[in-house]
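Visitor: target-v5.txt is reproduced in full below (compact mmCIF, C-alpha atoms).
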# COMPACT_ATOMS: atom_id res chain seq x y z
CA MET W 1 49.78 -34.79 -64.30
CA SER W 2 51.18 -32.34 -61.85
CA PRO W 3 50.80 -28.70 -62.61
CA LYS W 4 53.87 -26.94 -63.99
CA ASN W 5 56.63 -25.98 -61.52
CA GLU W 6 55.15 -28.22 -58.73
CA GLN W 7 57.74 -30.53 -57.25
CA PRO W 8 56.82 -34.15 -56.67
CA ARG W 9 55.75 -34.63 -52.98
CA ASP W 10 57.16 -37.34 -50.79
CA ARG W 11 54.13 -39.17 -49.42
CA ASN W 12 56.05 -40.03 -46.23
CA VAL W 13 56.37 -36.31 -45.28
CA PRO W 14 53.17 -34.87 -43.80
CA ARG W 15 51.63 -31.72 -45.22
CA LYS W 16 52.27 -28.44 -43.32
CA ASN W 17 48.60 -28.03 -42.28
CA ALA W 18 48.55 -31.63 -41.09
CA VAL W 19 51.54 -30.92 -38.87
CA ARG W 20 49.78 -27.81 -37.54
CA GLU W 21 46.61 -29.81 -36.77
CA ALA W 22 48.64 -32.43 -34.98
CA ARG W 23 50.35 -29.77 -32.87
CA ASN W 24 46.98 -28.21 -31.96
CA ALA W 25 45.57 -31.59 -31.05
CA SER W 26 48.52 -32.34 -28.81
CA SER W 27 48.09 -29.03 -26.98
CA ARG W 28 44.38 -29.60 -26.15
CA PRO W 29 44.92 -32.04 -23.25
CA LYS W 30 47.37 -29.56 -21.69
CA ALA W 31 44.81 -26.74 -21.86
CA PHE W 32 42.16 -28.97 -20.35
CA LEU W 33 44.47 -29.94 -17.52
CA TRP W 34 45.29 -26.28 -16.84
CA LEU W 35 41.53 -25.46 -16.73
CA LEU W 36 40.82 -28.39 -14.44
CA GLY W 37 43.66 -27.33 -12.17
CA ALA W 38 42.31 -23.80 -11.99
CA ILE W 39 38.83 -25.09 -11.04
CA VAL W 40 40.34 -27.25 -8.31
CA LEU W 41 42.32 -24.32 -6.93
CA VAL W 42 39.20 -22.12 -6.83
CA GLY W 43 37.27 -24.86 -5.06
CA VAL W 44 40.02 -25.36 -2.49
CA ALA W 45 40.19 -21.63 -1.87
CA ALA W 46 36.41 -21.43 -1.37
CA LEU W 47 36.41 -24.33 1.07
CA SER W 48 39.32 -22.80 2.94
CA TYR W 49 37.46 -19.48 3.27
CA VAL W 50 34.32 -21.18 4.60
CA ALA W 51 36.36 -23.24 7.04
CA THR W 52 38.45 -20.36 8.37
CA LYS W 53 36.08 -17.37 8.28
CA PRO W 54 34.99 -16.09 11.72
CA LYS W 55 31.93 -17.82 13.07
CA GLY W 56 28.83 -15.70 13.71
CA SER W 57 28.19 -14.68 17.27
CA VAL W 58 25.51 -16.32 19.39
CA ARG W 59 23.35 -13.28 18.75
CA ASP W 60 23.07 -14.32 15.09
CA VAL W 61 20.55 -16.95 16.23
CA PRO W 62 17.68 -15.54 18.29
CA GLU W 63 17.44 -17.20 21.69
CA MET W 64 14.37 -19.32 22.36
CA ALA W 65 12.38 -19.57 25.58
CA ASP W 66 12.39 -23.06 27.07
CA THR W 67 8.84 -24.29 27.61
CA THR W 68 9.86 -27.71 28.96
CA ASN W 69 9.44 -28.24 32.69
CA ALA W 70 8.90 -24.51 33.14
CA GLY W 71 6.19 -24.92 35.74
CA PRO W 72 2.86 -23.05 35.96
CA ALA W 73 2.35 -19.81 34.10
CA GLN W 74 2.58 -16.64 36.14
CA GLY W 75 1.44 -13.50 34.36
CA TYR W 76 1.42 -9.92 35.59
CA LEU W 77 -1.98 -8.74 36.85
CA MET W 78 -3.40 -5.25 36.64
CA GLY W 79 -6.80 -4.48 38.16
CA LYS W 80 -9.05 -6.00 40.75
CA VAL W 81 -8.46 -9.68 41.40
CA ASP W 82 -12.24 -10.32 41.56
CA ALA W 83 -13.12 -8.33 38.42
CA PRO W 84 -16.00 -10.03 36.56
CA VAL W 85 -14.09 -10.35 33.27
CA LYS W 86 -10.51 -11.52 32.84
CA ILE W 87 -8.42 -10.30 29.90
CA LEU W 88 -5.33 -12.36 29.19
CA GLU W 89 -2.86 -10.57 26.94
CA PHE W 90 -0.09 -12.53 25.21
CA ALA W 91 2.52 -10.15 23.88
CA ASP W 92 6.13 -9.76 22.79
CA PHE W 93 8.07 -6.72 24.02
CA GLU W 94 9.77 -6.36 20.64
CA CYS W 95 6.59 -6.74 18.58
CA PRO W 96 5.64 -3.42 16.87
CA ALA W 97 1.91 -4.17 17.04
CA CYS W 98 2.23 -4.88 20.77
CA GLY W 99 4.02 -1.57 21.15
CA GLY W 100 1.19 0.15 19.29
CA PHE W 101 -1.38 -1.42 21.58
CA SER W 102 0.55 -0.45 24.70
CA VAL W 103 1.15 3.15 23.70
CA VAL W 104 -2.05 4.00 21.82
CA THR W 105 -4.87 1.74 23.04
CA GLU W 106 -3.97 0.46 26.49
CA PRO W 107 -4.18 3.83 28.28
CA ASP W 108 -7.93 3.92 27.46
CA VAL W 109 -8.31 0.26 28.40
CA ARG W 110 -6.78 0.97 31.80
CA SER W 111 -8.73 4.14 32.57
CA ARG W 112 -12.10 3.03 31.20
CA ILE W 113 -12.16 -0.74 31.72
CA ILE W 114 -9.55 -1.79 34.29
CA THR W 115 -9.74 1.05 36.82
CA PRO W 116 -13.58 1.01 37.05
CA GLY W 117 -13.45 -2.74 37.70
CA LEU W 118 -15.18 -3.93 34.52
CA ALA W 119 -12.28 -6.31 33.90
CA ASN W 120 -8.72 -6.98 34.88
CA ILE W 121 -5.82 -7.70 32.53
CA THR W 122 -2.93 -10.11 32.92
CA TYR W 123 0.14 -9.81 30.73
CA TYR W 124 1.89 -13.02 29.63
CA ASP W 125 5.24 -13.11 27.88
CA PHE W 126 5.02 -14.60 24.41
CA PRO W 127 8.53 -14.05 22.99
CA LEU W 128 8.75 -14.72 19.26
CA THR W 129 11.93 -16.28 17.88
CA ILE W 130 12.13 -13.67 15.10
CA HIS W 131 12.97 -11.01 17.70
CA ARG W 132 16.55 -11.01 19.00
CA ASN W 133 16.13 -8.99 22.19
CA THR W 134 12.64 -9.88 23.33
CA LEU W 135 13.74 -12.51 25.88
CA ALA W 136 16.13 -10.04 27.44
CA ALA W 137 13.30 -7.51 27.62
CA SER W 138 11.03 -10.01 29.35
CA ASN W 139 13.86 -10.72 31.77
CA ALA W 140 14.27 -6.99 32.42
CA ALA W 141 10.55 -6.60 33.13
CA ALA W 142 10.45 -9.67 35.39
CA CYS W 143 13.36 -8.34 37.44
CA ALA W 144 11.57 -5.01 37.78
CA ASP W 145 8.47 -6.90 38.95
CA GLU W 146 10.59 -8.33 41.75
CA GLN W 147 10.57 -4.79 43.14
CA GLY W 148 6.93 -4.08 42.31
CA LYS W 149 7.70 -2.18 39.11
CA PHE W 150 6.59 -4.50 36.31
CA TRP W 151 4.04 -2.17 34.76
CA PRO W 152 6.24 0.94 34.77
CA MET W 153 9.01 -1.12 33.15
CA HIS W 154 6.49 -2.65 30.74
CA ASP W 155 5.44 0.83 29.65
CA ARG W 156 9.00 2.11 29.35
CA LEU W 157 10.08 -0.86 27.24
CA PHE W 158 7.27 -0.35 24.77
CA GLN W 159 7.72 3.42 24.65
CA ALA W 160 11.41 3.06 23.80
CA GLN W 161 11.11 -0.08 21.65
CA ALA W 162 12.81 1.57 18.66
CA GLU W 163 16.11 2.12 20.49
CA TRP W 164 16.66 -1.31 22.05
CA ASN W 165 15.09 -3.77 19.58
CA GLY W 166 17.16 -6.31 17.68
CA GLU W 167 17.37 -4.14 14.59
CA ALA W 168 18.83 -1.25 16.59
CA THR W 169 21.31 -3.08 18.84
CA ASP W 170 22.59 -6.49 19.84
CA ALA W 171 23.48 -5.20 23.33
CA PRO W 172 20.21 -4.04 24.91
CA LYS W 173 21.23 -4.28 28.58
CA PRO W 174 22.52 -0.68 28.91
CA PHE W 175 19.13 0.57 27.72
CA PHE W 176 17.26 -1.68 30.14
CA LYS W 177 19.51 -0.61 32.99
CA ARG W 178 18.71 3.04 32.26
CA TYR W 179 14.98 2.28 32.20
CA ALA W 180 15.31 0.44 35.52
CA GLN W 181 16.81 3.54 37.04
CA GLU W 182 14.10 5.72 35.50
CA VAL W 183 11.27 3.63 36.95
CA GLY W 184 12.80 3.76 40.40
CA VAL W 185 14.08 0.27 41.19
CA ASP W 186 17.25 -0.56 43.10
CA VAL W 187 19.49 -0.84 40.03
CA ALA W 188 22.14 -3.02 41.70
CA LYS W 189 19.53 -5.60 42.72
CA TRP W 190 17.85 -5.38 39.33
CA GLU W 191 21.17 -5.92 37.53
CA SER W 192 22.03 -8.93 39.68
CA CYS W 193 18.65 -10.44 38.84
CA PHE W 194 18.99 -9.62 35.14
CA ASP W 195 22.49 -11.08 34.83
CA ALA W 196 21.41 -14.25 36.61
CA ARG W 197 18.49 -14.66 34.17
CA LYS W 198 16.45 -15.47 37.25
CA TYR W 199 13.04 -15.62 35.60
CA GLN W 200 13.71 -17.64 32.45
CA LYS W 201 11.44 -20.44 33.65
CA ARG W 202 8.62 -18.01 34.32
CA ILE W 203 8.96 -16.58 30.81
CA GLY W 204 8.98 -20.07 29.32
CA ALA W 205 5.89 -21.02 31.35
CA ASN W 206 4.05 -17.93 30.11
CA LEU W 207 4.95 -18.81 26.53
CA ALA W 208 3.71 -22.36 27.09
CA GLU W 209 0.41 -20.98 28.39
CA GLY W 210 -0.04 -19.03 25.18
CA LEU W 211 0.68 -22.12 23.11
CA ARG W 212 -1.95 -23.97 25.13
CA PHE W 213 -4.46 -21.36 23.96
CA SER W 214 -3.17 -21.76 20.36
CA VAL W 215 -1.72 -18.26 20.27
CA ASN W 216 0.30 -17.79 17.08
CA GLN W 217 0.65 -14.03 16.80
CA THR W 218 1.08 -11.03 19.03
CA PRO W 219 -0.69 -9.37 20.58
CA SER W 220 -3.45 -11.89 21.21
CA PHE W 221 -6.14 -11.77 23.86
CA VAL W 222 -8.10 -14.48 25.63
CA ILE W 223 -11.38 -13.14 27.02
CA GLY W 224 -14.11 -15.37 28.35
CA GLY W 225 -12.13 -18.41 27.26
CA LYS W 226 -12.07 -17.31 23.61
CA LEU W 227 -8.95 -16.34 21.66
CA TYR W 228 -8.91 -12.99 19.84
CA ALA W 229 -5.77 -12.93 17.71
CA GLY W 230 -4.20 -9.70 16.59
CA LEU W 231 -4.43 -6.04 17.48
CA ARG W 232 -7.75 -4.78 18.82
CA SER W 233 -9.02 -1.21 19.22
CA TYR W 234 -10.42 0.07 22.50
CA ASP W 235 -13.98 -0.07 21.15
CA ALA W 236 -13.51 -3.67 19.99
CA LEU W 237 -12.16 -4.76 23.38
CA LYS W 238 -14.88 -2.89 25.24
CA ALA W 239 -17.56 -4.63 23.15
CA ILE W 240 -16.01 -8.03 23.90
CA VAL W 241 -15.79 -7.29 27.63
CA ASP W 242 -19.43 -6.15 27.71
CA SER W 243 -20.55 -9.23 25.80
CA VAL W 244 -18.66 -11.63 28.07
CA ALA W 245 -19.97 -9.85 31.18
CA LYS W 246 -23.53 -10.04 29.90
CA THR W 247 -23.23 -13.70 28.99
CA ALA W 248 -21.76 -14.52 32.37
CA GLY W 249 -24.45 -12.53 34.15
CA ALA W 250 -21.82 -10.44 35.89
CA PRO W 251 -23.10 -7.50 37.92
CA VAL W 252 -21.31 -4.80 35.97
CA ALA W 253 -24.04 -2.19 35.69
CA ALA W 254 -22.85 -0.19 38.69
CA ALA W 255 -19.25 -0.33 37.51
CA ALA W 256 -20.29 0.76 34.03
CA VAL W 257 -22.17 3.76 35.45
CA ALA W 258 -19.15 4.69 37.58
CA ALA W 259 -16.89 4.42 34.54
CA THR W 260 -19.20 6.68 32.54
CA LYS W 261 -19.20 9.33 35.27
CA LYS W 262 -15.40 9.37 35.38
CA GLN W 263 -15.04 9.97 31.62
Can you turn what I pasted into structure tokens?
Guide:
Amino acid sequence: MSPKNEQPRDRNVPRKNAVREARNASSRPKAFLWLLGAIVLVGVAALSYVATKPKGSVRDVPEMADTTNAGPAQGYLMGKVDAPVKILEFADFECPACGGFSVVTEPDVRSRIITPGLANITYYDFPLTIHRNTLAASNAAACADEQGKFWPMHDRLFQAQAEWNGEATDAPKPFFKRYAQEVGVDVAKWESCFDARKYQKRIGANLAEGLRFSVNQTPSFVIGGKLYAGLRSYDALKAIVDSVAKTAGAPVAAAAVAATKKQ
């Protein structure tokens, strides 16, 4: 029996909550389609941004030295050609450790090892791809060498490394041009050489020479045919030079005495 006051229900007429459920169910596909449409629009917008955003400049990718068909290596010699011990230095002008060696240690190496004739030292470019401006710096130094000013430019580049390196600027030429003037080269000739990238093959050949010796960090030194990777103190280098000279039977006693008297 039906409860009192309840009217008989027509079974062909759906209940109110059933109608509500049906309406909700019919609205679900529409909501899904709206969501799908929104996702598509976001995706299209993202692809459009990637496709139309400005491309990075060439400087975003550090330039690499070309070691193919570069010819024989040609480093930069300091000291007596016939010195009994040869120090080969492979370095990167933008490398902080190389800068530390040049500014802190190398002055003693020059005055107490190179000048007395115990050894000579030859600098080879070993530009690392992680450094944006190092190839340009090698180019600047090579163009200064054309006028007999490699070592003054070498020193100036390392002394001022913080102002021209790839973290400080992506336009190092104005700095190099100022250094060229400071070291006393003909700036117009230097600039013509620099802009022409005249010594790229020489730089690549020097890099290839380092790779031949299995150099994989800077600075690295080859002394007596053996590779010494990483920064070395003056005392460490002096001990190596003395050991190589002794092993080779080089007549360095007189030079050593002369070096001691000058200190």
Visitor: Find, counting only C-alpha atoms, the residue in W:Lys226, W:Lys86, W:Arg232, W:Lys149 that gets nearest to W:Val104.
Guide: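 Once distances to W:Val104 are computed over only C-alpha atoms, the minimum belongs to W:Arg232.
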Visitor: Could you list, as a PDB file with C-alpha atoms, keeping the file's coordinate frame, every residue within 10 Å of W:Phe101, counting only C-alpha atoms and ignoring same-chain residues fewer than 2 positions away?
Guide:
ATOM      1  CA  ALA W  91       2.520 -10.150  23.880  1.00  0.00           C
ATOM      2  CA  PRO W  96       5.640  -3.420  16.870  1.00  0.00           C
ATOM      3  CA  ALA W  97       1.910  -4.170  17.040  1.00  0.00           C
ATOM      4  CA  CYS W  98       2.230  -4.880  20.770  1.00  0.00           C
ATOM      5  CA  GLY W  99       4.020  -1.570  21.150  1.00  0.00           C
ATOM      6  CA  VAL W 103       1.150   3.150  23.700  1.00  0.00           C
ATOM      7  CA  VAL W 104      -2.050   4.000  21.820  1.00  0.00           C
ATOM      8  CA  THR W 105      -4.870   1.740  23.040  1.00  0.00           C
ATOM      9  CA  GLU W 106      -3.970   0.460  26.490  1.00  0.00           C
ATOM     10  CA  PRO W 107      -4.180   3.830  28.280  1.00  0.00           C
ATOM     11  CA  VAL W 109      -8.310   0.260  28.400  1.00  0.00           C
ATOM     12  CA  PHE W 158       7.270  -0.350  24.770  1.00  0.00           C
ATOM     13  CA  PRO W 219      -0.690  -9.370  20.580  1.00  0.00           C
ATOM     14  CA  LEU W 231      -4.430  -6.040  17.480  1.00  0.00           C
ATOM     15  CA  ARG W 232      -7.750  -4.780  18.820  1.00  0.00           C
ATOM     16  CA  SER W 233      -9.020  -1.210  19.220  1.00  0.00           C
ATOM     17  CA  TYR W 234     -10.420   0.070  22.500  1.00  0.00           C
TER      18      TYR W 234
END
Visitor: Hey, what's within 12 Å of W:Pro172 if we count all atoms listed in the file and toss same-chain stuff fewer than 2 positions away? As a VMD selection string, please?
Guide: chain W and resid 59 94 132 to 140 157 160 to 170 174 to 179 194
Visitor: Just the selected residues (C-alpha atoms), exported as a PDB file, in the coordinates of the input, please.
Guide:
ATOM      1  CA  ARG W  59      23.350 -13.280  18.750  1.00  0.00           C
ATOM      2  CA  GLU W  94       9.770  -6.360  20.640  1.00  0.00           C
ATOM      3  CA  ARG W 132      16.550 -11.010  19.000  1.00  0.00           C
ATOM      4  CA  ASN W 133      16.130  -8.990  22.190  1.00  0.00           C
ATOM      5  CA  THR W 134      12.640  -9.880  23.330  1.00  0.00           C
ATOM      6  CA  LEU W 135      13.740 -12.510  25.880  1.00  0.00           C
ATOM      7  CA  ALA W 136      16.130 -10.040  27.440  1.00  0.00           C
ATOM      8  CA  ALA W 137      13.300  -7.510  27.620  1.00  0.00           C
ATOM      9  CA  SER W 138      11.030 -10.010  29.350  1.00  0.00           C
ATOM     10  CA  ASN W 139      13.860 -10.720  31.770  1.00  0.00           C
ATOM     11  CA  ALA W 140      14.270  -6.990  32.420  1.00  0.00           C
ATOM     12  CA  LEU W 157      10.080  -0.860  27.240  1.00  0.00           C
ATOM     13  CA  ALA W 160      11.410   3.060  23.800  1.00  0.00           C
ATOM     14  CA  GLN W 161      11.110  -0.080  21.650  1.00  0.00           C
ATOM     15  CA  ALA W 162      12.810   1.570  18.660  1.00  0.00           C
ATOM     16  CA  GLU W 163      16.110   2.120  20.490  1.00  0.00           C
ATOM     17  CA  TRP W 164      16.660  -1.310  22.050  1.00  0.00           C
ATOM     18  CA  ASN W 165      15.090  -3.770  19.580  1.00  0.00           C
ATOM     19  CA  GLY W 166      17.160  -6.310  17.680  1.00  0.00           C
ATOM     20  CA  GLU W 167      17.370  -4.140  14.590  1.00  0.00           C
ATOM     21  CA  ALA W 168      18.830  -1.250  16.590  1.00  0.00           C
ATOM     22  CA  THR W 169      21.310  -3.080  18.840  1.00  0.00           C
ATOM     23  CA  ASP W 170      22.590  -6.490  19.840  1.00  0.00           C
ATOM     24  CA  PRO W 174      22.520  -0.680  28.910  1.00  0.00           C
ATOM     25  CA  PHE W 175      19.130   0.570  27.720  1.00  0.00           C
ATOM     26  CA  PHE W 176      17.260  -1.680  30.140  1.00  0.00           C
ATOM     27  CA  LYS W 177      19.510  -0.610  32.990  1.00  0.00           C
ATOM     28  CA  ARG W 178      18.710   3.040  32.260  1.00  0.00           C
ATOM     29  CA  TYR W 179      14.980   2.280  32.200  1.00  0.00           C
ATOM     30  CA  PHE W 194      18.990  -9.620  35.140  1.00  0.00           C
TER      31      PHE W 194
END
Visitor: Can you tell me how far atom CA of W:Gly210 sits from atom CA of W:Val244, in Å to one decimal?
Guide: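 If I compute the distance from atom CA of W:Gly210 to atom CA of W:Val244, I get 20.2 Å.
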Visitor: Please, what distance in Å, to one decimal, runs between atom CA of W:Met78 and atom CA of W:Leu211?
Guide: 22.0 Å
Visitor: What gap, in Å, lies between atom CA of W:Phe93 and atom CA of W:Ser243?
Guide: 28.8 Å
Visitor: So which residues are close to (-13.2, -10.2, 40.3), meaning at most 8 Å away in the file's coordinates with only C-alpha atoms counted, and can you show them as a list in words?
Guide: Lys80, Val81, Asp82, Ala83, Pro84, Val85, Gly117, Ala119 and Asn120 of chain W
Visitor: Nearest to W:Val185 among W:Thr129, W:Thr247, W:Gln159, W:Gln147, with distances taken over only C-alpha atoms: which residue is it?
Guide: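 Of all the options, W:Gln147 lies closest to W:Val185.
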Visitor: Nearest residue to W:Ala142 out of W:Arg197, W:Arg156, W:Lys173, W:Arg110, using only C-alpha atoms?
Guide: W:Arg197
Visitor: Nearest to W:Thr115: which of W:Gly79, W:Ala239, W:Ser214, W:Tyr199 is it, counting all atoms listed in the file?
Guide: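 The shortest atom-to-atom distance to W:Thr115 comes from W:Gly79.
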Visitor: Let me make sure I understand: among W:Lys198, W:Asp108, W:Tyr123, W:Cys95, which one has the smallest atom-to-atom distance to W:Glu146 if we use only C-alpha atoms?
Guide: W:Lys198
Visitor: Please, could all heavy atoms be added to stretch 70-81 of chain W and the result written as an mmCIF file, in the coordinates of the input?
Guide:
data_model
loop_
_atom_site.group_PDB
_atom_site.id
_atom_site.type_symbol
_atom_site.label_atom_id
_atom_site.label_comp_id
_atom_site.auth_asym_id
_atom_site.auth_seq_id
_atom_site.Cartn_x
_atom_site.Cartn_y
_atom_site.Cartn_z
ATOM 1 N N ALA W 70 8.818 -25.903 32.688
ATOM 2 C CA ALA W 70 8.900 -24.510 33.140
ATOM 3 C C ALA W 70 8.002 -24.232 34.334
ATOM 4 O O ALA W 70 8.138 -23.205 34.992
ATOM 5 C CB ALA W 70 8.529 -23.570 31.988
ATOM 6 N N GLY W 71 7.095 -25.135 34.618
ATOM 7 C CA GLY W 71 6.190 -24.920 35.740
ATOM 8 C C GLY W 71 4.945 -24.150 35.316
ATOM 9 O O GLY W 71 4.722 -23.889 34.139
ATOM 10 N N PRO W 72 4.112 -23.745 36.281
ATOM 11 C CA PRO W 72 2.860 -23.050 35.960
ATOM 12 C C PRO W 72 3.120 -21.632 35.474
ATOM 13 O O PRO W 72 4.091 -20.988 35.879
ATOM 14 C CB PRO W 72 2.110 -23.045 37.296
ATOM 15 C CG PRO W 72 3.195 -23.123 38.334
ATOM 16 C CD PRO W 72 4.274 -23.969 37.730
ATOM 17 N N ALA W 73 2.236 -21.170 34.607
ATOM 18 C CA ALA W 73 2.350 -19.810 34.100
ATOM 19 C C ALA W 73 2.093 -18.815 35.228
ATOM 20 O O ALA W 73 1.305 -19.072 36.137
ATOM 21 C CB ALA W 73 1.358 -19.587 32.966
ATOM 22 N N GLN W 74 2.759 -17.691 35.148
ATOM 23 C CA GLN W 74 2.580 -16.640 36.140
ATOM 24 C C GLN W 74 2.662 -15.291 35.428
ATOM 25 O O GLN W 74 3.736 -14.742 35.208
ATOM 26 C CB GLN W 74 3.642 -16.739 37.239
ATOM 27 C CG GLN W 74 3.419 -15.750 38.383
ATOM 28 C CD GLN W 74 4.506 -15.844 39.447
ATOM 29 O OE1 GLN W 74 5.388 -16.690 39.374
ATOM 30 N NE2 GLN W 74 4.439 -14.965 40.440
ATOM 31 N N GLY W 75 1.481 -14.780 35.047
ATOM 32 C CA GLY W 75 1.440 -13.500 34.360
ATOM 33 C C GLY W 75 1.522 -12.340 35.332
ATOM 34 O O GLY W 75 1.757 -12.515 36.534
ATOM 35 N N TYR W 76 1.304 -11.143 34.800
ATOM 36 C CA TYR W 76 1.420 -9.920 35.590
ATOM 37 C C TYR W 76 0.045 -9.231 35.581
ATOM 38 O O TYR W 76 -0.409 -8.728 34.560
ATOM 39 C CB TYR W 76 2.483 -9.004 34.987
ATOM 40 C CG TYR W 76 3.833 -9.688 34.861
ATOM 41 C CD1 TYR W 76 4.178 -10.366 33.687
ATOM 42 C CD2 TYR W 76 4.744 -9.674 35.911
ATOM 43 C CE1 TYR W 76 5.410 -10.995 33.565
ATOM 44 C CE2 TYR W 76 5.979 -10.305 35.805
ATOM 45 C CZ TYR W 76 6.301 -10.967 34.622
ATOM 46 O OH TYR W 76 7.529 -11.601 34.512
ATOM 47 N N LEU W 77 -0.591 -9.208 36.728
ATOM 48 C CA LEU W 77 -1.980 -8.740 36.850
ATOM 49 C C LEU W 77 -2.050 -7.228 37.048
ATOM 50 O O LEU W 77 -1.272 -6.647 37.801
ATOM 51 C CB LEU W 77 -2.651 -9.445 38.023
ATOM 52 C CG LEU W 77 -4.068 -8.977 38.380
ATOM 53 C CD1 LEU W 77 -5.061 -9.391 37.304
ATOM 54 C CD2 LEU W 77 -4.488 -9.549 39.745
ATOM 55 N N MET W 78 -3.027 -6.625 36.368
ATOM 56 C CA MET W 78 -3.400 -5.250 36.640
ATOM 57 C C MET W 78 -4.907 -5.206 36.831
ATOM 58 O O MET W 78 -5.653 -5.731 35.997
ATOM 59 C CB MET W 78 -3.010 -4.313 35.494
ATOM 60 C CG MET W 78 -3.525 -2.871 35.688
ATOM 61 S SD MET W 78 -3.169 -1.773 34.294
ATOM 62 C CE MET W 78 -1.442 -1.449 34.589
ATOM 63 N N GLY W 79 -5.378 -4.585 37.902
ATOM 64 C CA GLY W 79 -6.800 -4.480 38.160
ATOM 65 C C GLY W 79 -7.226 -5.311 39.355
ATOM 66 O O GLY W 79 -6.412 -5.945 40.036
ATOM 67 N N LYS W 80 -8.502 -5.297 39.598
ATOM 68 C CA LYS W 80 -9.050 -6.000 40.750
ATOM 69 C C LYS W 80 -9.034 -7.509 40.516
ATOM 70 O O LYS W 80 -9.457 -7.988 39.457
ATOM 71 C CB LYS W 80 -10.488 -5.539 41.001
ATOM 72 C CG LYS W 80 -10.598 -4.052 41.337
ATOM 73 C CD LYS W 80 -12.049 -3.620 41.494
ATOM 74 C CE LYS W 80 -12.142 -2.131 41.817
ATOM 75 N NZ LYS W 80 -13.558 -1.678 41.927
ATOM 76 N N VAL W 81 -8.568 -8.221 41.520
ATOM 77 C CA VAL W 81 -8.460 -9.680 41.400
ATOM 78 C C VAL W 81 -9.829 -10.294 41.105
ATOM 79 O O VAL W 81 -9.936 -11.257 40.336
ATOM 80 C CB VAL W 81 -7.866 -10.277 42.688
ATOM 81 C CG1 VAL W 81 -7.859 -11.799 42.613
ATOM 82 C CG2 VAL W 81 -6.471 -9.745 42.925
#
